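**Student:** Below you'll find start_32.tsv; it's TSV, C-alpha atoms.
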```tsv
chain	number	residue	atom	x	y	z
A	1	MET	CA	46.47	48.47	-11.16
A	2	ALA	CA	43.93	46.90	-8.81
A	3	ALA	CA	41.65	48.67	-6.39
A	4	PHE	CA	42.40	48.26	-2.69
A	5	ILE	CA	40.78	45.14	-1.21
A	6	VAL	CA	38.89	45.86	2.02
A	7	THR	CA	39.63	43.02	4.45
A	8	ASP	CA	37.08	41.51	6.85
A	9	SER	CA	38.79	43.10	9.86
A	10	LEU	CA	38.45	46.53	8.19
A	11	LYS	CA	34.82	45.84	7.27
A	12	ALA	CA	34.19	45.01	10.94
A	13	MET	CA	35.13	48.61	11.85
A	14	ILE	CA	32.32	50.13	9.77
A	15	GLY	CA	29.55	51.50	11.95
A	16	ARG	CA	31.49	51.16	15.18
A	17	ALA	CA	31.29	54.34	17.28
A	18	GLU	CA	34.21	55.69	19.27
A	19	ASP	CA	33.56	56.75	22.87
A	20	PRO	CA	31.52	59.98	22.99
A	21	VAL	CA	33.38	63.04	24.23
A	22	VAL	CA	32.00	66.12	25.97
A	23	HIS	CA	33.38	69.55	25.05
A	24	LYS	CA	32.80	72.86	26.68
A	25	VAL	CA	33.01	75.55	24.03
A	26	GLU	CA	35.38	78.17	25.44
A	27	GLU	CA	35.73	81.83	24.47
A	28	GLY	CA	39.52	81.65	24.18
A	29	ALA	CA	39.37	78.58	21.96
A	30	ILE	CA	36.93	80.33	19.60
A	31	GLN	CA	39.12	83.46	19.47
A	32	ARG	CA	42.31	81.50	18.78
A	33	TYR	CA	40.52	79.55	16.06
A	34	ALA	CA	39.18	82.70	14.35
A	35	ARG	CA	42.62	84.34	14.58
A	36	SER	CA	44.31	81.32	13.00
A	37	VAL	CA	41.94	81.53	10.02
A	38	ASP	CA	42.57	85.31	9.85
A	39	ASP	CA	38.83	85.92	10.30
A	40	PRO	CA	38.28	89.25	12.11
A	41	ASN	CA	34.47	88.80	12.40
A	42	PRO	CA	33.63	90.51	15.74
A	43	LEU	CA	31.04	87.80	16.54
A	44	TYR	CA	33.95	85.38	16.97
A	45	ASN	CA	36.55	87.79	18.38
A	46	ASP	CA	34.95	90.63	20.37
A	47	VAL	CA	33.17	89.53	23.56
A	48	GLU	CA	31.49	92.92	24.09
A	49	TYR	CA	30.25	93.17	20.50
A	50	ALA	CA	28.95	89.59	20.61
A	51	ALA	CA	27.14	90.28	23.90
A	52	GLN	CA	25.16	93.03	22.13
A	53	SER	CA	24.35	90.80	19.13
A	54	GLN	CA	21.20	88.73	18.61
A	55	TRP	CA	22.97	85.79	20.31
A	56	GLY	CA	24.22	87.67	23.37
A	57	ARG	CA	27.52	85.77	23.54
A	58	LEU	CA	30.65	84.97	21.55
A	59	MET	CA	29.71	82.66	18.68
A	60	ALA	CA	31.81	79.97	17.01
A	61	PRO	CA	32.42	80.01	13.24
A	62	PRO	CA	30.57	77.12	11.54
A	63	GLY	CA	32.83	74.07	11.63
A	64	PHE	CA	34.15	74.79	15.11
A	65	SER	CA	32.84	72.58	17.87
A	66	GLY	CA	35.32	72.89	20.67
A	67	TRP	CA	38.90	71.74	20.68
A	68	PRO	CA	40.48	69.89	19.01
A	69	VAL	CA	38.47	70.78	15.93
A	70	LYS	CA	39.57	68.07	13.59
A	71	ALA	CA	39.53	65.32	16.18
A	72	LYS	CA	36.10	66.42	17.42
A	73	GLY	CA	36.75	65.31	20.93
A	74	PHE	CA	38.74	62.19	20.50
A	75	ASP	CA	42.18	61.34	19.24
A	76	MET	CA	41.85	60.96	15.48
A	77	PHE	CA	45.38	59.58	15.32
A	78	LYS	CA	44.35	56.66	17.55
A	79	LEU	CA	41.59	55.84	15.08
A	80	PHE	CA	44.19	55.97	12.26
A	81	GLU	CA	46.29	53.47	14.22
A	82	LYS	CA	43.29	51.16	14.67
A	83	LEU	CA	42.58	51.32	10.95
A	84	GLN	CA	46.24	50.62	10.15
A	85	LYS	CA	46.29	47.61	12.53
A	86	ALA	CA	43.21	46.30	10.71
A	87	GLY	CA	45.04	46.53	7.39
A	88	ALA	CA	44.82	50.14	6.14
A	89	PRO	CA	47.86	51.30	4.12
A	90	LEU	CA	50.21	53.66	6.01
A	91	GLY	CA	50.08	56.63	3.60
A	92	LEU	CA	47.32	59.04	4.66
A	93	LEU	CA	45.88	62.23	3.19
A	94	ASP	CA	42.72	64.20	3.89
A	95	GLY	CA	40.44	63.88	0.86
A	96	GLY	CA	37.73	66.34	1.73
A	97	VAL	CA	34.93	67.19	4.12
A	98	GLU	CA	31.20	67.72	4.20
A	99	PHE	CA	29.35	69.66	6.92
A	100	GLU	CA	25.69	69.97	7.74
A	101	PHE	CA	24.78	72.72	10.21
A	102	PHE	CA	21.50	72.54	12.09
A	103	GLY	CA	22.08	75.14	14.78
A	104	HIS	CA	24.50	77.72	16.12
A	105	ILE	CA	27.34	76.94	18.51
A	106	GLY	CA	28.49	79.55	21.01
A	107	ALA	CA	30.70	80.05	24.06
A	108	GLY	CA	29.48	78.13	27.08
A	109	ASP	CA	27.73	75.38	25.10
A	110	MET	CA	28.38	71.82	26.19
A	111	LEU	CA	28.68	69.55	23.18
A	112	ILE	CA	28.67	65.79	23.02
A	113	SER	CA	30.42	64.52	19.90
A	114	VAL	CA	30.23	60.96	18.67
A	115	THR	CA	32.47	59.73	15.87
A	116	ARG	CA	32.11	56.56	13.87
A	117	VAL	CA	33.53	55.02	10.75
A	118	ALA	CA	30.64	55.42	8.33
A	119	ASN	CA	32.17	53.62	5.36
A	120	ILE	CA	35.32	51.99	4.00
A	121	GLU	CA	35.78	51.19	0.34
A	122	GLY	CA	38.57	50.38	-2.08
A	123	ARG	CA	39.28	52.67	-5.03
A	124	GLU	CA	41.95	53.23	-7.60
A	125	THR	CA	43.38	56.76	-7.40
A	126	LYS	CA	46.46	58.57	-8.70
A	127	MET	CA	48.23	57.30	-5.56
A	128	GLY	CA	47.55	53.69	-6.63
A	129	PRO	CA	45.23	51.25	-4.83
A	130	THR	CA	43.58	53.42	-2.19
A	131	MET	CA	41.35	52.77	0.79
A	132	VAL	CA	38.75	55.52	1.21
A	133	THR	CA	37.33	55.93	4.73
A	134	THR	CA	34.39	58.17	5.63
A	135	VAL	CA	34.49	59.24	9.27
A	136	GLU	CA	31.29	60.84	10.56
A	137	THR	CA	31.05	63.01	13.68
A	138	THR	CA	27.72	64.15	15.13
A	139	SER	CA	27.72	66.99	17.68
A	140	ILE	CA	24.74	67.44	20.03
A	141	ASN	CA	24.32	70.32	22.51
A	142	GLU	CA	23.14	70.11	26.11
A	143	ARG	CA	19.58	70.87	24.99
A	144	GLY	CA	19.59	67.66	22.94
A	145	THR	CA	19.76	69.41	19.55
A	146	VAL	CA	21.98	67.97	16.83
A	147	VAL	CA	23.94	71.07	15.81
A	148	MET	CA	26.40	69.66	13.32
A	149	ILE	CA	27.34	66.58	11.35
A	150	MET	CA	30.78	66.38	9.78
A	151	ARG	CA	31.89	63.73	7.30
A	152	ASN	CA	35.62	63.50	6.60
A	153	THR	CA	37.01	61.57	3.68
A	154	LEU	CA	40.38	59.98	4.35
A	155	LEU	CA	42.62	58.50	1.69
A	156	HIS	CA	44.93	55.65	2.77
A	157	PHE	CA	47.40	54.55	0.12
B	1	MET	CA	32.20	91.95	6.49
B	2	GLY	CA	30.08	93.90	4.06
B	3	LYS	CA	26.48	95.05	4.48
B	4	GLN	CA	23.72	92.51	4.98
B	5	ILE	CA	22.50	90.90	1.76
B	6	PHE	CA	18.95	89.65	1.26
B	7	TYR	CA	17.48	86.78	-0.72
B	8	GLU	CA	15.86	89.22	-3.15
B	9	ASP	CA	19.26	90.78	-3.98
B	10	ILE	CA	20.67	87.51	-5.27
B	11	GLU	CA	20.35	85.97	-8.73
B	12	VAL	CA	21.63	82.72	-10.14
B	13	GLY	CA	25.13	83.64	-11.36
B	14	SER	CA	25.66	86.30	-8.67
B	15	GLU	CA	29.21	86.40	-7.38
B	16	VAL	CA	30.10	85.59	-3.79
B	17	THR	CA	32.33	88.48	-2.69
B	18	PRO	CA	35.91	87.15	-3.16
B	19	LEU	CA	38.14	86.79	-0.12
B	20	LYS	CA	41.93	87.04	-0.24
B	21	LYS	CA	44.10	84.68	1.82
B	22	ILE	CA	47.85	84.23	2.25
B	23	ALA	CA	48.94	80.90	3.69
B	24	THR	CA	52.17	81.22	5.65
B	25	THR	CA	54.14	78.79	7.78
B	26	LYS	CA	53.08	80.98	10.71
B	27	MET	CA	49.40	80.54	9.84
B	28	LEU	CA	49.89	76.76	9.68
B	29	VAL	CA	51.43	76.78	13.16
B	30	GLN	CA	48.53	78.87	14.46
B	31	TRP	CA	45.98	76.57	12.80
B	32	ALA	CA	47.66	73.45	14.20
B	33	GLY	CA	47.35	74.87	17.72
B	34	ALA	CA	43.81	76.20	17.26
B	35	SER	CA	42.47	73.11	15.50
B	36	GLY	CA	44.48	70.41	17.26
B	37	ASP	CA	45.75	68.98	13.98
B	38	PHE	CA	49.40	68.22	14.69
B	39	ASN	CA	49.98	65.95	11.71
B	40	PRO	CA	53.74	66.30	10.88
B	41	LEU	CA	52.72	66.47	7.20
B	42	HIS	CA	52.18	70.18	7.82
B	43	TYR	CA	55.53	71.07	9.42
B	44	GLU	CA	58.10	68.27	8.93
B	45	ASP	CA	60.05	68.36	5.63
B	46	ASP	CA	61.16	64.71	5.56
B	47	PHE	CA	57.72	63.45	6.60
B	48	ALA	CA	56.11	65.39	3.73
B	49	LYS	CA	58.78	64.20	1.30
B	50	ASN	CA	58.27	60.56	2.30
B	51	LEU	CA	54.54	60.90	1.76
B	52	GLY	CA	55.23	62.11	-1.76
B	53	VAL	CA	54.01	65.71	-1.47
B	54	GLY	CA	57.47	67.35	-1.55
B	55	HIS	CA	57.17	69.89	1.26
B	56	PRO	CA	54.77	70.54	4.15
B	57	ILE	CA	51.36	71.42	2.73
B	58	VAL	CA	48.52	73.68	3.86
B	59	HIS	CA	45.99	71.77	6.01
B	60	GLY	CA	42.89	70.82	4.03
B	61	GLN	CA	40.71	71.83	6.97
B	62	LEU	CA	42.35	75.28	7.04
B	63	LYS	CA	41.30	75.81	3.42
B	64	ARG	CA	37.86	74.55	4.40
B	65	ALA	CA	37.83	77.17	7.19
B	66	TRP	CA	38.74	79.85	4.58
B	67	LEU	CA	35.71	78.78	2.55
B	68	VAL	CA	33.50	79.04	5.65
B	69	HIS	CA	34.94	82.56	6.14
B	70	LEU	CA	34.10	83.38	2.50
B	71	MET	CA	30.49	82.30	3.03
B	72	THR	CA	29.88	83.80	6.49
B	73	ASP	CA	31.26	87.18	5.37
B	74	TRP	CA	29.00	87.15	2.34
B	75	ILE	CA	25.74	85.99	4.00
B	76	GLY	CA	26.21	88.34	6.97
B	77	GLU	CA	24.99	87.97	10.53
B	78	LYS	CA	21.39	87.35	9.50
B	79	GLY	CA	22.31	84.53	7.14
B	80	MET	CA	22.95	80.97	8.21
B	81	LEU	CA	25.26	78.46	6.60
B	82	ARG	CA	23.41	75.14	6.24
B	83	LYS	CA	25.88	72.97	4.35
B	84	LEU	CA	29.44	73.21	3.13
B	85	SER	CA	31.59	70.62	1.47
B	86	CYS	CA	34.90	70.68	-0.35
B	87	ARG	CA	37.46	68.40	-1.85
B	88	TYR	CA	41.20	68.76	-1.30
B	89	LYS	CA	42.06	68.33	-4.93
B	90	GLY	CA	45.41	70.10	-5.19
B	91	MET	CA	48.26	70.66	-2.74
B	92	ASP	CA	49.01	74.18	-1.54
B	93	TYR	CA	52.34	75.25	-0.07
B	94	PRO	CA	52.64	78.07	2.49
B	95	ARG	CA	54.86	81.11	2.12
B	96	LYS	CA	57.78	81.19	4.54
B	97	MET	CA	58.26	84.00	7.06
B	98	LYS	CA	61.03	86.62	6.81
B	99	GLY	CA	60.00	88.55	9.93
B	100	PHE	CA	57.66	88.09	12.90
B	101	ASP	CA	54.72	89.22	10.81
B	102	ASP	CA	56.06	89.42	7.25
B	103	PRO	CA	55.92	86.54	4.83
B	104	VAL	CA	58.27	86.40	1.86
B	105	ASP	CA	56.81	87.50	-1.47
B	106	GLY	CA	54.93	84.76	-3.26
B	107	GLU	CA	51.62	83.13	-3.82
B	108	THR	CA	48.26	84.68	-2.92
B	109	TRP	CA	45.08	82.63	-2.73
B	110	TRP	CA	41.54	83.75	-3.46
B	111	CYS	CA	38.37	82.17	-2.12
B	112	LYS	CA	35.60	82.66	-4.66
B	113	GLY	CA	32.11	81.49	-5.43
B	114	LYS	CA	28.98	81.99	-7.47
B	115	VAL	CA	25.30	81.28	-6.93
B	116	THR	CA	24.07	78.19	-8.80
B	117	LYS	CA	20.52	77.99	-7.47
B	118	LYS	CA	18.02	79.95	-5.35
B	119	TYR	CA	14.87	78.43	-3.91
B	120	THR	CA	12.53	78.43	-0.97
B	121	GLU	CA	11.85	75.46	1.29
B	122	GLY	CA	9.05	76.03	3.78
B	123	ASP	CA	9.80	79.48	5.21
B	124	GLN	CA	13.51	79.21	4.36
B	125	CYS	CA	15.06	81.28	1.56
B	126	LEU	CA	18.05	79.30	0.35
B	127	VAL	CA	20.94	79.82	-2.04
B	128	GLU	CA	23.27	77.17	-3.33
B	129	CYS	CA	26.78	78.19	-4.36
B	130	GLU	CA	29.74	76.71	-6.10
B	131	ILE	CA	32.77	77.74	-4.07
B	132	TRP	CA	36.49	77.22	-4.37
B	133	VAL	CA	39.99	78.19	-3.30
B	134	GLU	CA	42.10	79.38	-6.21
B	135	ASN	CA	45.91	79.34	-6.02
B	136	GLY	CA	48.34	81.86	-7.53
B	137	LYS	CA	48.25	80.08	-10.88
B	138	GLY	CA	44.47	80.25	-11.04
B	139	ASP	CA	43.96	76.53	-10.32
B	140	LYS	CA	40.99	75.55	-8.16
B	141	THR	CA	42.82	73.46	-5.55
B	142	THR	CA	39.82	73.19	-3.22
B	143	PRO	CA	36.50	73.03	-5.07
B	144	GLY	CA	33.28	72.70	-3.13
B	145	SER	CA	29.70	73.80	-2.62
B	146	ALA	CA	27.62	75.48	0.03
B	147	ILE	CA	23.98	76.07	0.89
B	148	ALA	CA	22.96	79.06	3.01
B	149	ALA	CA	19.72	80.54	4.29
B	150	LEU	CA	19.37	84.29	3.68
B	151	PRO	CA	17.03	86.82	5.25
B	152	SER	CA	14.17	88.05	3.07
B	153	ARG	CA	13.00	91.66	2.71
B	154	ALA	CA	9.46	90.27	2.58
B	155	LYS	CA	9.59	89.15	6.22
```
Show how you would write the structure in this file as structure tokens.

**Tutor:**
Amino acid sequence: MAAFIVTDSLKAMIGRAEDPVVHKVEEGAIQRYARSVDDPNPLYNDVEYAAQSQWGRLMAPPGFSGWPVKAKGFDMFKLFEKLQKAGAPLGLLDGGVEFEFFGHIGAGDMLISVTRVANIEGRETKMGPTMVTTVETTSINERGTVVMIMRNTLLHF
Amino acid sequence: MGKQIFYEDIEVGSEVTPLKKIATTKMLVQWAGASGDFNPLHYEDDFAKNLGVGHPIVHGQLKRAWLVHLMTDWIGEKGMLRKLSCRYKGMDYPRKMKGFDDPVDGETWWCKGKVTKKYTEGDQCLVECEIWVENGKGDKTTPGSAIAALPSRAK
């Protein structure tokens, strides 16, 4: 069984950034997110409690940066299509994720998120020859602070 | 959430307070809406079958969010999560619903962790943890790690 061969048109996608997207972090989006995780933390759910906290406003759980969460401000499925047009296999699973948090995100923040393909490599996995893509999203707030970097590993097989 | 923990309270080997989770089809619907992940892999039987996973599976990012919940509950409001990573190693399948709020009997998941390292960096008091989601059979389907800053009693 051979490893997946990364074509030149796929290699050309490495490093290319998608258009940046601006998110306003909304209270309702934070609350719906926390509820869907079954996380009753009042900092994410209770506006009055959060107003009395050290932050003075509803805070987002780490990993939330507006909506949609996974897409981080752009249509992830469109990126999948671009990768598939460039030769990525059609089978797709999420392999894992890595977050770095540099600051807090709360209701009212404006975030600019930029996503790029950080790496593409061929590997042999239990699914057969697999293309492994690392997609990196950097979120910056309106004060110019990088608050979060997320790296998603995608398995195309 | 429990009471606030401090850096001095923690030793290498200390347990991260376990967190119980039950994945249901309802939770997956809620997560899809709240996260914007509408991949049919998580709600369409034939799509999941064709991809070779049998049935719709729990979103990897939902399990990641459980692990964030595990850590934020444990470190408390004065702690700050610095890093978290995990690997979606095993598939998990949600319980179905028998009523508006009641899932059928079945699998229960536990998010767990233990401290692997404690150290200071500048004025930061940091702990590194091995974390994971464990399924009903005791398999670690979502292993990962986290680094968090904790408040110190000395400050």

**Student:** I need the chain A residues near chain B as a PyMOL selection string; criterion: at most 10 Å, counting all atoms listed in the file.

**Tutor:** chain A and resi 28-43+53-54+61-73+75-77+90-104+127+148-153+157

**Student:** Between A:Val25, A:Met110, A:Thr137, A:Leu83, which is the closest to A:Thr7 once you count all atoms listed in the file?

**Tutor:** A:Leu83

**Student:** Could you name the residues that touch A:Ile120 at 12 Å or less, counting only C-alpha atoms, but leaving out those on the same chain fewer than 4 positions away, as an MDAnalysis selection string?

**Tutor:** chainID A and resid 4:16 83 86:88 116 130:136 152:156

**Student:** Atom CA of A:Leu111 and atom CA of A:Gly144, how far apart in Å?

**Tutor:**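 Straight-line distance from atom CA of A:Gly144 to atom CA of A:Leu111 works out to 9.3 Å.
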
**Student:** From the options A:Val22, A:Lys85, A:Ala50, A:Gly56, which residue's atoms come nearest to A:Glu142, counting all atoms listed in the file?

**Tutor:**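 Once distances to A:Glu142 are computed over all atoms listed in the file, the minimum belongs to A:Val22.
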
**Student:** So how many Å separate atom CA of A:Pro20 and atom CA of A:Ile140, to one decimal?

**Tutor:**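 If I compute the distance from atom CA of A:Pro20 to atom CA of A:Ile140, I get 10.5 Å.
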
**Student:** If you measure from atom CA of B:Leu150 to atom CA of B:Lys118, what distance in Å do you get, rounded to one decimal?

**Tutor:**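 Distance reported for this atom pair: 10.1 Å.
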
**Student:** Give the centre and edge lengths of an axis-aligned box, in Å to one decimal, that holds all listed atoms of stretch 23-33 of chain A with 4 Å on each side, as lines of an AutoDock Vina configuration file.

**Tutor:**
```
center_x = 37.6
center_y = 76.5
center_z = 21.4
size_x = 17.5
size_y = 21.9
size_z = 18.6
```

**Student:** Which one is closest to B:Ile75: B:Val133, B:Leu126, B:Ala48, B:Val12? Count all atoms listed in the file.

**Tutor:**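 Of B:Val133, B:Leu126, B:Ala48, B:Val12, the one nearest B:Ile75 is B:Leu126, counting all atoms listed in the file.
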
**Student:** In file coordinates, which residues lie within 7 Å of (53.9, 81.4, 0.7) using all atoms listed in the file, given as a compact mmCIF listing (two decimals) with C-alpha atoms, in the coordinates of the input?

**Tutor:**
```txt
# COMPACT_ATOMS: atom_id res chain seq x y z
CA ILE B 22 47.85 84.23 2.25
CA ALA B 23 48.94 80.90 3.69
CA THR B 24 52.17 81.22 5.65
CA TYR B 93 52.34 75.25 -0.07
CA PRO B 94 52.64 78.07 2.49
CA ARG B 95 54.86 81.11 2.12
CA LYS B 96 57.78 81.19 4.54
CA PRO B 103 55.92 86.54 4.83
CA VAL B 104 58.27 86.40 1.86
CA GLY B 106 54.93 84.76 -3.26
CA GLU B 107 51.62 83.13 -3.82
```
